[in-house]
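*Asks:* Okay, here's the structure, questions in a sec.
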Amino acid sequence: MRELAWLIPVLPLIAFGVIIAFGRRLPGQGAYVAVAGIALAAVLSIGIFVQGLGHTEAYEANIRWVPYGETALDLGIRVDNLATLMLLVVTVVGSMIFTYSIGYMHGDPRYPRFFAYLSLFAASMLLLVLANNLLFLYVGWELVGLCSYLLIGFYFEKPSAARASMKAFLTTRVGDVFMFFGILIVFLTLGTFRFDEIFAKVHEGAFGALTIGGLPLLTVAALLLFGGALGKSAQFPLHTWLPDAMEGPTPVSALIHAATMVAAGVYMVARTYTLFFQSPDHGALTFVAYVGGVTALMAATIAVTQDDIKRVLAYSTISQLGLMMLGLGVLGYTAGMFHLMTHAFFKALLFLGAGSVIHAMHTNSIKEMGGLGTIMPSTYWTFLIGTLALAGVFPFAGFWSKDEILLEAYHHNTVLFVMAALTSLLTAFYMFRVIFYTFTGSLRNRHAHPHESPPVMTRPLWVLAFFSVVVGFVGAPFVGAPIKHFIDFEGLEHVPFSMGMALFGTLVAAVGIGAAAAVYHWKVVPASTLRRAAGPLFTLVSNKYYLDELYDLLFVRPTVAVARFLRNFDVYVIDMIVNLVGFVGIGLARLYRVFDQYVVDGLVNLVGWIAKALGSTLRYVQTGRAQNYLLAIALGVIVLLAAGLFR
Amino acid sequence: MQLGLVHFLILSALLFCLGLYAVLTRRNAVAILMGIELMLNAANINLVAFNKYVAPAALNGHVFALIVITLAACEAGVGLALVLSAYRNLETVHVDEINVMKW
Amino acid sequence: MGQLAAFIVLSIVTLAAAVVVVGSGNIVRSALSLIPTFLGITGIYILLQAEFVAGIQVLIYAGAITVLILFVIMLTEHGSGVRFRQVNEQVPLGMIVAGALAAFLIATFVTTAWPTSSGALPQYTASGVGTTFMTNMVLVFEATSLVLLVALIGAIVIARRER
């Protein structure tokens, strides 16, 4: 089964090619092809997963790419437990989203293209996951970025969507440049792209005492790589593109925020974990943890103030990704990946649920909704399950993974633990705020006529809801926490399960839910009063800490100003020089034209005229009458005789 | 005054120029042929005269005169046949009207 | 002196007839005037002791060729009548050129010192001519006969009425 692993990214790629080539002529306008591609990949992934449960060694398949000198660059794929887990998540969640899209995108004018992009997106992500070297990883990474650009800007006739896609592309590109330099440092130092060789050399201490600018080179390389993850996983300070990315179709949001793109950053950190781990004093890991903590807390606070249901989920995603980074940073390798997996399921579920709601209401604002619980029962119950999972309520999936992170943080660093706990509290609060606004009470928008979504949309919801409930049990202590054996980083000890921490986590979630209920359901303290009490703090948070404005001021405006200056320089100086050269050329050409016309042509015409005049004169000689010629001959004879006589 | 070579030469020169005049000015192809006959006769007079006064022993002048007469007969036959043919095809014997070979 | 007188008479006859040949507007008169011209030339030949050539001259020129020309004139009567202009526009120019050429020729003949020989012709030249034809000039004789044959065939082919 593992030998067929290379098929997994190839299948969606084929689907992409077929849909691009044949489009609307395919069954279901290409949608079935896309679903078939990802579903086959999912079947293969499940097979590999089942097969991989037995052994722990990795499977590698390489092709020789560039031979140079004694050595050669081998590139290929690597199937180990980490990759298997990601494959499973990406393909299974992807299949659900693809299926859901059949209903959601129904009637869209660019329907086949949407599925083509989705397939390419899945193929890129799977290539990224399977890569056994930094180069393939980078290729998949950039392809994912490209697809996200295409999909966020799918409704490109909307200016805001076009801007959002541009923003996502450019912001992540900032991180990618860092990552590229990180890859270069690794390659120039170790001479290989392959992970196993890199890790082996790092273990041997190949970086040694190399430093750059006072920092250990290994730490710098790891942090540069982490720069890519900052952009891709929307970590502070490069997180601003993700909320704007909500301009894309909702399945795209689900695909990007749950299964693929944002997970890529976390996956990359986990994949190159050795580099982070081996950095002196875990310097790189500490940085990762703090970035994750700050991101988690900041995004959670912003999420509380947002009214757009997709934006709340977007900030929630940023926050949860921060938590994963925090988990990885506090040596919770397993915890971080575990949370990545559970989060993929319930966040996809929440996005698809939100999509279902938006599909019914034709608005994103939760303030206009209300009482949808009775109208859309399937959506309501699945959304509730997802919310409970995200809030970390026993026994839903989020509970187990979040508990792991809290536990690791508690044993590592108190500040980070407080951050994580606060994030959990806020998560429960803002998610139930959404629930209360959307599904309880009465419908606030009198003009809307909501209805339950078609089965093709609700069935994936139920499948994902099922996973959201059960997938957490792979980390439950009473079944032996198999995830801890499956995803395991060599040299790390697992913190044992603690009942106290589990109770604490539940308590935090309960407090958050209770607070939300008190404010938004029972209205003990009205939301407006709270808002006024918070005053400037609320303004600060609801404006997303003015980060967009700050970036606008710091980067966008200077860039635009420089660009404008360069444009003016181009228009007035360079163009003028070019025009001057052109003008001089034209002037010279004119001069030459006059010369050509009157002198050269004149000479040519003169020659022609002479020939013509001679010809027209002499043609009278050629009369065609022998008697004339004979006369001339007689004259000639006379001349000869005269010459003879008067010699 | 003794009859000598120059007298015959002058006669032949005059006859030749009369023939030439005919060839130059007549429009009728038959008249032109008559002019040519005159010129040939002038040449024959010369041949025979030179034979007598310059090389009396050889008789080559006579022989050549005879050959010229023969060829003149041929020329007259072929030339008149051409005139007949042209007349039949072009319905004229005037050489300045016969210009099909001019272009 | 008798010879000179004979020469002058013969010359006048020849040239006068030739002038009629050249200048007459009537083509038939021209053709008929050829006969005295040729006969005058025959006299010149006799004066020059070329009796065989003179005989041939009478037979072929005065007899055959003149008759042939008269036949052609009659066969082409539509083109040869007196109602046509018989001369072209080159008359004055041709007269001048012919006259000038005659003048120059005569001047040349008169001024040239001819290498005259004092020897005499045999009494009868006919046998000498025949001997020369069959000995020294046999090749020329044969070639001439070939030319005669070709001209004969050619004249027939050219003048033949096409079917």
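Naming scheme: A, B, ... for chains in displayed order of the structure tokens; residues 1 onward per chain; ligands 1 onward as shown.
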Counting only C-alpha atoms, what is within 9 Å of segment 290-294 of chain A, bar same-chain residues fewer than 4 positions away, as a PDB file with C-alpha atoms, in the first residue's frame?
*Replies:*
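The resulting file, result_16.pdb, is shown below:
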```
ATOM      1  CA  LEU A 230       4.097  32.509  10.318  1.00  0.00           C
ATOM      2  CA  GLN A 235       0.548  33.649  13.116  1.00  0.00           C
ATOM      3  CA  PHE A 236       1.152  37.053  14.605  1.00  0.00           C
ATOM      4  CA  PRO A 237       2.295  39.344  12.997  1.00  0.00           C
ATOM      5  CA  LEU A 285      11.034  26.478  20.285  1.00  0.00           C
ATOM      6  CA  THR A 286      10.632  29.134  22.942  1.00  0.00           C
ATOM      7  CA  MET A 298      -4.922  38.189  20.537  1.00  0.00           C
ATOM      8  CA  ALA A 299      -7.075  36.378  17.981  1.00  0.00           C
ATOM      9  CA  SER A 319      -6.274  31.398  17.804  1.00  0.00           C
ATOM     10  CA  GLN A 320      -6.312  27.607  17.598  1.00  0.00           C
ATOM     11  CA  LEU A 321      -3.274  27.597  15.303  1.00  0.00           C
ATOM     12  CA  GLY A 322      -1.545  29.723  17.908  1.00  0.00           C
ATOM     13  CA  LEU A 323      -2.443  27.080  20.454  1.00  0.00           C
ATOM     14  CA  MET A 324      -0.919  24.375  18.245  1.00  0.00           C
ATOM     15  CA  MET A 325       2.266  26.409  17.849  1.00  0.00           C
ATOM     16  CA  LEU A 326       2.258  26.930  21.594  1.00  0.00           C
ATOM     17  CA  GLY A 327       1.885  23.213  22.059  1.00  0.00           C
ATOM     18  CA  GLY A 329       6.836  25.166  21.420  1.00  0.00           C
ATOM     19  CA  LEU A 416       2.306  30.332  28.458  1.00  0.00           C
ATOM     20  CA  PHE A 417      -0.071  28.216  30.512  1.00  0.00           C
ATOM     21  CA  MET A 419      -2.192  32.413  27.941  1.00  0.00           C
ATOM     22  CA  ALA A 420      -3.490  29.042  26.821  1.00  0.00           C
ATOM     23  CA  THR A 423      -7.577  31.480  25.198  1.00  0.00           C
TER      24      THR A 423
END
```
*Asks:* Which residues of segment 32-109 of chain C sit at most 8 Å from segment 20-24 of chain B, using only C-alpha atoms? Give each one's shortest atom pair and distance in Å (one decimal place), in chain and ascending residue order, as CSV.
*Replies:*
```
residue,atom,partner,partner_atom,distance
C:Gln90,CA,B:Leu24,CA,7.0
C:Val91,CA,B:Leu24,CA,7.8
C:Gly94,CA,B:Tyr21,CA,5.9
C:Met95,CA,B:Tyr21,CA,6.4
C:Ala98,CA,B:Tyr21,CA,5.7
```
*Asks:* Enumerate as a compact mmCIF listing (two decimals) with C-alpha atoms, in the first residue's frame the residues belonging to chain A that approach chain B to within 12 Å, with only C-alpha atoms taken into account.
*Replies:*
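This went into iface-v2.txt:
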```txt
# COMPACT_ATOMS: atom_id res chain seq x y z
CA GLN A 622 14.91 50.49 -85.40
CA THR A 623 12.30 50.85 -88.10
CA GLY A 624 12.07 47.21 -89.09
CA ARG A 625 12.50 48.20 -92.73
CA ALA A 626 15.43 46.69 -94.56
CA GLN A 627 15.64 49.60 -96.96
CA ASN A 628 16.44 52.02 -94.18
CA TYR A 629 19.17 49.74 -92.95
CA LEU A 630 20.50 49.36 -96.43
CA LEU A 631 20.66 53.13 -96.73
CA ALA A 632 22.76 53.23 -93.59
CA ILE A 633 25.03 50.52 -94.96
CA ALA A 634 25.49 52.51 -98.16
CA LEU A 635 26.37 55.58 -96.14
CA ILE A 638 30.69 55.92 -98.64
```
*Asks:* Quick one: which chain C residues come within 6 Å of chain B, and what is the nearest atom pair for each with the distance in Å to one decimal, counting only C-alpha atoms, rows ordered by chain and ascending number, as CSV?
*Replies:*
```
residue,atom,partner,partner_atom,distance
C:Leu4,CA,B:Leu3,CA,5.3
C:Val22,CA,B:Ala22,CA,5.3
C:Gly79,CA,B:Thr92,CA,5.4
C:Gln86,CA,B:Arg27,CA,5.4
C:Val87,CA,B:Arg26,CA,4.4
C:Asn88,CA,B:Thr25,CA,5.5
C:Gln90,CA,B:Thr25,CA,5.6
C:Val91,CA,B:Thr25,CA,5.4
C:Gly94,CA,B:Tyr21,CA,5.9
C:Ala98,CA,B:Cys17,CA,5.2
C:Ala102,CA,B:Cys17,CA,5.9
C:Ile106,CA,B:Ile10,CA,5.8
C:Thr116,CA,B:Val54,CA,4.7
C:Ser117,CA,B:Val54,CA,5.0
C:Ala120,CA,B:Pro56,CA,5.6
C:Leu121,CA,B:Pro56,CA,5.0
C:Ala151,CA,B:Cys74,CA,5.6
C:Ala155,CA,B:Val78,CA,4.6
C:Ile158,CA,B:Ala81,CA,5.9
C:Ala159,CA,B:Ala81,CA,4.6
```
*Asks:* Please produce a file of those selected residues containing N, CA and C atoms, as a short mmCIF file (atom, residue, chain, number, x, y, z; two decimals), in the first residue's frame.
*Replies:*
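Saved result, part.cif, follows:
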```
data_model
loop_
_atom_site.label_atom_id
_atom_site.label_comp_id
_atom_site.auth_asym_id
_atom_site.auth_seq_id
_atom_site.Cartn_x
_atom_site.Cartn_y
_atom_site.Cartn_z
N LEU C 4 36.47 51.53 -128.68
CA LEU C 4 35.98 52.58 -127.76
C LEU C 4 34.60 53.06 -128.17
N VAL C 22 14.98 51.37 -113.48
CA VAL C 22 14.96 51.90 -112.11
C VAL C 22 13.87 52.94 -111.94
N GLY C 79 -1.06 43.89 -106.73
CA GLY C 79 -0.08 44.69 -105.99
C GLY C 79 0.84 45.46 -106.91
N GLN C 86 4.90 53.73 -106.50
CA GLN C 86 5.92 52.71 -106.68
C GLN C 86 7.18 53.00 -105.88
N VAL C 87 7.33 54.20 -105.39
CA VAL C 87 8.55 54.51 -104.65
C VAL C 87 8.20 54.91 -103.22
N ASN C 88 9.19 54.76 -102.32
CA ASN C 88 8.94 55.16 -100.94
C ASN C 88 9.49 56.56 -100.69
N GLN C 90 12.14 57.50 -99.45
CA GLN C 90 13.60 57.64 -99.42
C GLN C 90 14.19 58.15 -100.75
N VAL C 91 13.30 58.57 -101.65
CA VAL C 91 13.78 58.91 -103.00
C VAL C 91 14.90 59.95 -102.99
N GLY C 94 17.93 58.51 -101.18
CA GLY C 94 18.53 57.40 -101.94
C GLY C 94 19.27 57.93 -103.17
N ALA C 98 23.11 57.22 -103.66
CA ALA C 98 23.55 56.48 -104.84
C ALA C 98 24.52 57.31 -105.67
N ALA C 102 28.41 56.53 -106.28
CA ALA C 102 28.93 56.42 -107.64
C ALA C 102 30.14 57.33 -107.80
N ILE C 106 33.85 55.93 -108.54
CA ILE C 106 34.57 56.33 -109.77
C ILE C 106 35.88 56.99 -109.38
N THR C 116 47.81 46.16 -114.24
CA THR C 116 47.40 45.55 -115.51
C THR C 116 48.50 44.67 -116.08
N SER C 117 48.04 43.54 -116.68
CA SER C 117 48.99 42.60 -117.27
C SER C 117 48.94 42.75 -118.80
N ALA C 120 47.49 38.03 -123.12
CA ALA C 120 46.24 38.02 -123.85
C ALA C 120 45.45 36.75 -123.55
N LEU C 121 44.12 36.85 -123.73
CA LEU C 121 43.25 35.70 -123.53
C LEU C 121 43.40 34.73 -124.69
N ALA C 151 17.74 25.39 -104.15
CA ALA C 151 16.91 26.53 -104.55
C ALA C 151 15.68 26.06 -105.31
N ALA C 155 12.18 26.86 -103.78
CA ALA C 155 11.23 27.71 -104.50
C ALA C 155 9.89 27.01 -104.64
N ILE C 158 8.19 26.96 -101.20
CA ILE C 158 7.71 28.27 -100.74
C ILE C 158 6.52 28.72 -101.57
N ALA C 159 6.63 28.57 -102.88
CA ALA C 159 5.59 29.13 -103.74
C ALA C 159 4.37 28.23 -103.83
#
```
*Asks:* Mind listing as a VMD selection string which residues of chain C are within 7 Å of chain A, counting only C-alpha atoms?
*Replies:* chain C and resid 97 101 104 108
*Asks:* With C-alpha atoms retained, write the just-selected residues as a PDB file, in the first residue's frame.
*Replies:*
```pdb
ATOM      1  CA  VAL C  97      23.495  58.336-101.544  1.00  0.00           C
ATOM      2  CA  LEU C 101      28.542  56.351-103.890  1.00  0.00           C
ATOM      3  CA  PHE C 104      33.290  58.004-104.736  1.00  0.00           C
ATOM      4  CA  THR C 108      38.503  55.457-106.289  1.00  0.00           C
TER       5      THR C 108
END
```
*Asks:* Quick check for you: according to DSSP on this backbone, which residues of chain C are classed as alpha helix (DSSP H)? Reply as a PyMOL selection string.
*Replies:* chain C and resi 2-23+27-47+51-57+66-75+77-80+91-111+126-134+138-159
*Asks:* How would the residues just chosen look if you wrote them out with C-alpha atoms as a short mmCIF file (atom, residue, chain, number, x, y, z; two decimals), in the first residue's frame?
*Replies:*
```cif
data_model
loop_
_atom_site.label_atom_id
_atom_site.label_comp_id
_atom_site.auth_asym_id
_atom_site.auth_seq_id
_atom_site.Cartn_x
_atom_site.Cartn_y
_atom_site.Cartn_z
CA GLY C 2 36.44 51.16 -133.00
CA GLN C 3 36.43 49.34 -129.71
CA LEU C 4 35.98 52.58 -127.76
CA ALA C 5 33.13 53.64 -129.94
CA ALA C 6 31.46 50.27 -129.52
CA PHE C 7 31.94 50.48 -125.77
CA ILE C 8 30.36 53.95 -125.60
CA VAL C 9 27.37 52.87 -127.68
CA LEU C 10 26.86 49.72 -125.60
CA SER C 11 27.26 51.70 -122.37
CA ILE C 12 24.66 54.22 -123.39
CA VAL C 13 22.22 51.48 -124.37
CA THR C 14 22.81 49.64 -121.10
CA LEU C 15 22.62 52.65 -118.81
CA ALA C 16 19.66 54.20 -120.54
CA ALA C 17 17.71 50.96 -120.32
CA ALA C 18 18.81 50.59 -116.68
CA VAL C 19 17.56 54.08 -115.91
CA VAL C 20 14.17 53.10 -117.31
CA VAL C 21 14.26 49.91 -115.23
CA VAL C 22 14.96 51.90 -112.11
CA GLY C 23 12.84 54.92 -112.70
CA ILE C 27 6.48 47.86 -113.41
CA VAL C 28 5.89 46.04 -116.66
CA ARG C 29 7.87 48.65 -118.53
CA SER C 30 10.66 48.26 -116.02
CA ALA C 31 10.70 44.52 -116.52
CA LEU C 32 10.75 44.81 -120.26
CA SER C 33 13.54 47.38 -120.08
CA LEU C 34 15.66 44.71 -118.39
CA ILE C 35 16.04 43.02 -121.80
CA PRO C 36 17.98 45.83 -123.48
CA THR C 37 20.04 46.29 -120.38
CA PHE C 38 21.06 42.63 -120.34
CA LEU C 39 21.68 42.62 -124.04
CA GLY C 40 23.89 45.67 -123.69
CA ILE C 41 25.87 43.89 -121.03
CA THR C 42 26.12 40.94 -123.38
CA GLY C 43 27.76 43.26 -125.86
CA ILE C 44 30.19 44.39 -123.17
CA TYR C 45 31.09 40.73 -122.53
CA ILE C 46 31.75 40.15 -126.19
CA LEU C 47 33.89 43.30 -126.16
CA GLU C 51 31.81 34.85 -125.63
CA PHE C 52 30.71 31.91 -123.46
CA VAL C 53 29.67 34.17 -120.60
CA ALA C 54 27.88 36.38 -123.12
CA GLY C 55 25.94 33.36 -124.39
CA ILE C 56 24.91 32.33 -120.94
CA GLN C 57 23.94 35.94 -120.17
CA THR C 66 13.13 38.36 -117.34
CA VAL C 67 10.35 35.99 -118.30
CA LEU C 68 10.13 34.80 -114.67
CA ILE C 69 9.86 38.36 -113.44
CA LEU C 70 7.13 39.13 -115.95
CA PHE C 71 5.20 36.07 -114.77
CA VAL C 72 5.41 37.14 -111.16
CA ILE C 73 4.31 40.65 -112.05
CA MET C 74 1.26 39.21 -113.75
CA LEU C 75 0.51 36.82 -110.89
CA GLU C 77 -1.33 42.14 -110.51
CA HIS C 78 -3.30 43.49 -107.54
CA GLY C 79 -0.08 44.69 -105.99
CA SER C 80 1.82 45.76 -109.07
CA VAL C 91 13.78 58.91 -103.00
CA PRO C 92 15.80 62.11 -102.45
CA LEU C 93 18.03 60.54 -99.84
CA GLY C 94 18.53 57.40 -101.94
CA MET C 95 19.34 59.54 -104.97
CA ILE C 96 21.96 61.47 -103.05
CA VAL C 97 23.50 58.34 -101.54
CA ALA C 98 23.55 56.48 -104.84
CA GLY C 99 25.03 59.48 -106.58
CA ALA C 100 27.61 60.01 -103.89
CA LEU C 101 28.54 56.35 -103.89
CA ALA C 102 28.93 56.42 -107.64
CA ALA C 103 31.10 59.49 -107.39
CA PHE C 104 33.29 58.00 -104.74
CA LEU C 105 33.56 54.67 -106.52
CA ILE C 106 34.57 56.33 -109.77
CA ALA C 107 37.01 58.51 -107.91
CA THR C 108 38.50 55.46 -106.29
CA PHE C 109 38.72 53.52 -109.56
CA VAL C 110 40.31 56.42 -111.34
CA THR C 111 42.87 57.15 -108.65
CA ALA C 126 34.67 28.32 -123.81
CA SER C 127 36.93 25.25 -123.68
CA GLY C 128 39.19 26.96 -121.14
CA VAL C 129 36.19 27.70 -118.90
CA GLY C 130 35.04 24.09 -119.20
CA THR C 131 38.53 22.78 -118.34
CA THR C 132 38.76 25.09 -115.33
CA PHE C 133 35.33 23.94 -114.06
CA MET C 134 36.32 20.31 -114.33
CA VAL C 138 35.27 21.14 -109.48
CA LEU C 139 34.32 21.57 -105.85
CA VAL C 140 32.76 24.95 -106.53
CA PHE C 141 30.97 23.45 -109.50
CA GLU C 142 29.48 20.67 -107.38
CA ALA C 143 28.53 23.06 -104.59
CA THR C 144 26.81 25.31 -107.09
CA SER C 145 24.86 22.40 -108.45
CA LEU C 146 23.81 21.54 -104.91
CA VAL C 147 22.72 25.14 -104.33
CA LEU C 148 20.71 24.97 -107.55
CA LEU C 149 18.98 21.81 -106.38
CA VAL C 150 18.19 23.32 -102.97
CA ALA C 151 16.91 26.53 -104.55
CA LEU C 152 14.75 24.50 -106.89
CA ILE C 153 13.15 22.54 -104.09
CA GLY C 154 12.95 25.63 -101.88
CA ALA C 155 11.23 27.71 -104.50
CA ILE C 156 8.68 24.95 -105.08
CA VAL C 157 8.00 24.55 -101.38
CA ILE C 158 7.71 28.27 -100.74
CA ALA C 159 5.59 29.13 -103.74
#
```
*Asks:* How many Å lie between atom CA of Leu313 of chain A and atom CA of Phe436 of chain A, rounded to one decimal?
*Replies:*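 Calculated distance between atom CA of Leu313 of chain A and atom CA of Phe436 of chain A is 14.9 Å.
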*Asks:* Identify, on the basis of only C-alpha atoms, every residue whose closest approach to Pro450 of chain A does not exceed 9 Å; exclude the query and any residue fewer than 6 positions from it along the same chain; express the result as a PyMOL selection string.
*Replies:* chain A and resi 357+359-362+372+375-376
*Asks:* Taking 4 positions as the minimum chain separation for residues in the same chain, which residues sit within 10 Å of Met166 of chain A when counting only C-alpha atoms? Answer as a list of chain:residue names.
*Replies:*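 Result of the neighbour search: A:Tyr149, A:Leu150, A:Ile152, A:Gly153, A:Ser160, A:Ala161, A:Ala162, A:Leu170, A:Thr171, A:Trp241, A:Ala245.
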*Asks:* Set the distance at 6 Å and use only C-alpha atoms: which residues neighbour segment 393-409 of chain A once local chain neighbours fewer than 5 positions away are removed? I'd like the list as a PyMOL selection string.
*Replies:* chain A and resi 327+330+332+335+338-339+342+388+417+468-469+471-472+506
*Asks:* So what do you get for atom CA of Leu492 of chain A versus atom CA of Leu331 of chain A, distance-wise?
*Replies:* 7.3 Å
*Asks:* Quick one: everything within 10 Å of Leu384 of chain A, counting only C-alpha atoms, minus sequence neighbours fewer than 2 positions away in the same chain. Send it as a PDB file with N, CA and C atoms, in the first residue's frame.
*Replies:*
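Generated output (part39.pdb):
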```pdb
ATOM      1  N   LEU A 349     -16.100  21.275  10.081  1.00  0.00           N
ATOM      2  CA  LEU A 349     -17.525  21.146  10.383  1.00  0.00           C
ATOM      3  C   LEU A 349     -18.152  22.517  10.635  1.00  0.00           C
ATOM      4  N   LEU A 350     -17.477  23.338  11.464  1.00  0.00           N
ATOM      5  CA  LEU A 350     -18.033  24.644  11.800  1.00  0.00           C
ATOM      6  C   LEU A 350     -18.140  25.527  10.565  1.00  0.00           C
ATOM      7  N   GLY A 353     -20.926  24.312   8.464  1.00  0.00           N
ATOM      8  CA  GLY A 353     -22.184  24.691   9.119  1.00  0.00           C
ATOM      9  C   GLY A 353     -22.480  26.159   8.882  1.00  0.00           C
ATOM     10  N   GLY A 373     -32.280  27.460  15.021  1.00  0.00           N
ATOM     11  CA  GLY A 373     -32.188  26.108  15.561  1.00  0.00           C
ATOM     12  C   GLY A 373     -33.372  25.244  15.192  1.00  0.00           C
ATOM     13  N   SER A 378     -30.573  20.059  11.374  1.00  0.00           N
ATOM     14  CA  SER A 378     -29.323  19.352  11.084  1.00  0.00           C
ATOM     15  C   SER A 378     -28.143  20.288  11.265  1.00  0.00           C
ATOM     16  N   THR A 379     -28.255  21.464  10.670  1.00  0.00           N
ATOM     17  CA  THR A 379     -27.178  22.438  10.778  1.00  0.00           C
ATOM     18  C   THR A 379     -26.942  22.786  12.235  1.00  0.00           C
ATOM     19  N   TYR A 380     -28.055  23.047  12.969  1.00  0.00           N
ATOM     20  CA  TYR A 380     -27.939  23.444  14.364  1.00  0.00           C
ATOM     21  C   TYR A 380     -27.187  22.411  15.179  1.00  0.00           C
ATOM     22  N   TRP A 381     -27.632  21.147  15.070  1.00  0.00           N
ATOM     23  CA  TRP A 381     -27.024  20.134  15.949  1.00  0.00           C
ATOM     24  C   TRP A 381     -25.568  19.875  15.585  1.00  0.00           C
ATOM     25  N   THR A 382     -25.286  19.808  14.308  1.00  0.00           N
ATOM     26  CA  THR A 382     -23.885  19.576  13.933  1.00  0.00           C
ATOM     27  C   THR A 382     -23.025  20.757  14.338  1.00  0.00           C
ATOM     28  N   GLY A 386     -19.772  20.818  16.824  1.00  0.00           N
ATOM     29  CA  GLY A 386     -18.489  21.434  16.492  1.00  0.00           C
ATOM     30  C   GLY A 386     -18.102  22.458  17.543  1.00  0.00           C
ATOM     31  N   THR A 387     -19.069  23.261  17.992  1.00  0.00           N
ATOM     32  CA  THR A 387     -18.774  24.282  18.985  1.00  0.00           C
ATOM     33  C   THR A 387     -18.304  23.659  20.289  1.00  0.00           C
ATOM     34  N   LEU A 388     -19.013  22.612  20.708  1.00  0.00           N
ATOM     35  CA  LEU A 388     -18.614  21.942  21.945  1.00  0.00           C
ATOM     36  C   LEU A 388     -17.212  21.364  21.812  1.00  0.00           C
ATOM     37  N   ALA A 389     -16.912  20.825  20.632  1.00  0.00           N
ATOM     38  CA  ALA A 389     -15.589  20.265  20.410  1.00  0.00           C
ATOM     39  C   ALA A 389     -14.542  21.357  20.486  1.00  0.00           C
ATOM     40  N   LEU A 390     -14.840  22.506  19.873  1.00  0.00           N
ATOM     41  CA  LEU A 390     -13.881  23.610  19.872  1.00  0.00           C
ATOM     42  C   LEU A 390     -13.718  24.179  21.273  1.00  0.00           C
ATOM     43  N   MET A 431     -17.623  31.288  21.008  1.00  0.00           N
ATOM     44  CA  MET A 431     -18.333  30.303  20.203  1.00  0.00           C
ATOM     45  C   MET A 431     -19.785  30.207  20.635  1.00  0.00           C
ATOM     46  N   PHE A 432     -20.017  30.282  21.952  1.00  0.00           N
ATOM     47  CA  PHE A 432     -21.417  30.210  22.400  1.00  0.00           C
ATOM     48  C   PHE A 432     -22.144  31.518  22.158  1.00  0.00           C
ATOM     49  N   ILE A 435     -23.463  30.834  18.869  1.00  0.00           N
ATOM     50  CA  ILE A 435     -24.582  29.891  18.962  1.00  0.00           C
ATOM     51  C   ILE A 435     -25.859  30.620  19.400  1.00  0.00           C
ATOM     52  N   PHE A 439     -28.731  30.651  16.611  1.00  0.00           N
ATOM     53  CA  PHE A 439     -29.688  29.543  16.619  1.00  0.00           C
ATOM     54  C   PHE A 439     -30.790  29.666  17.657  1.00  0.00           C
ATOM     55  N   ALA A 465     -19.349  15.724  11.960  1.00  0.00           N
ATOM     56  CA  ALA A 465     -19.777  15.772  13.364  1.00  0.00           C
ATOM     57  C   ALA A 465     -19.432  14.465  14.066  1.00  0.00           C
TER      58      ALA A 465
END
```
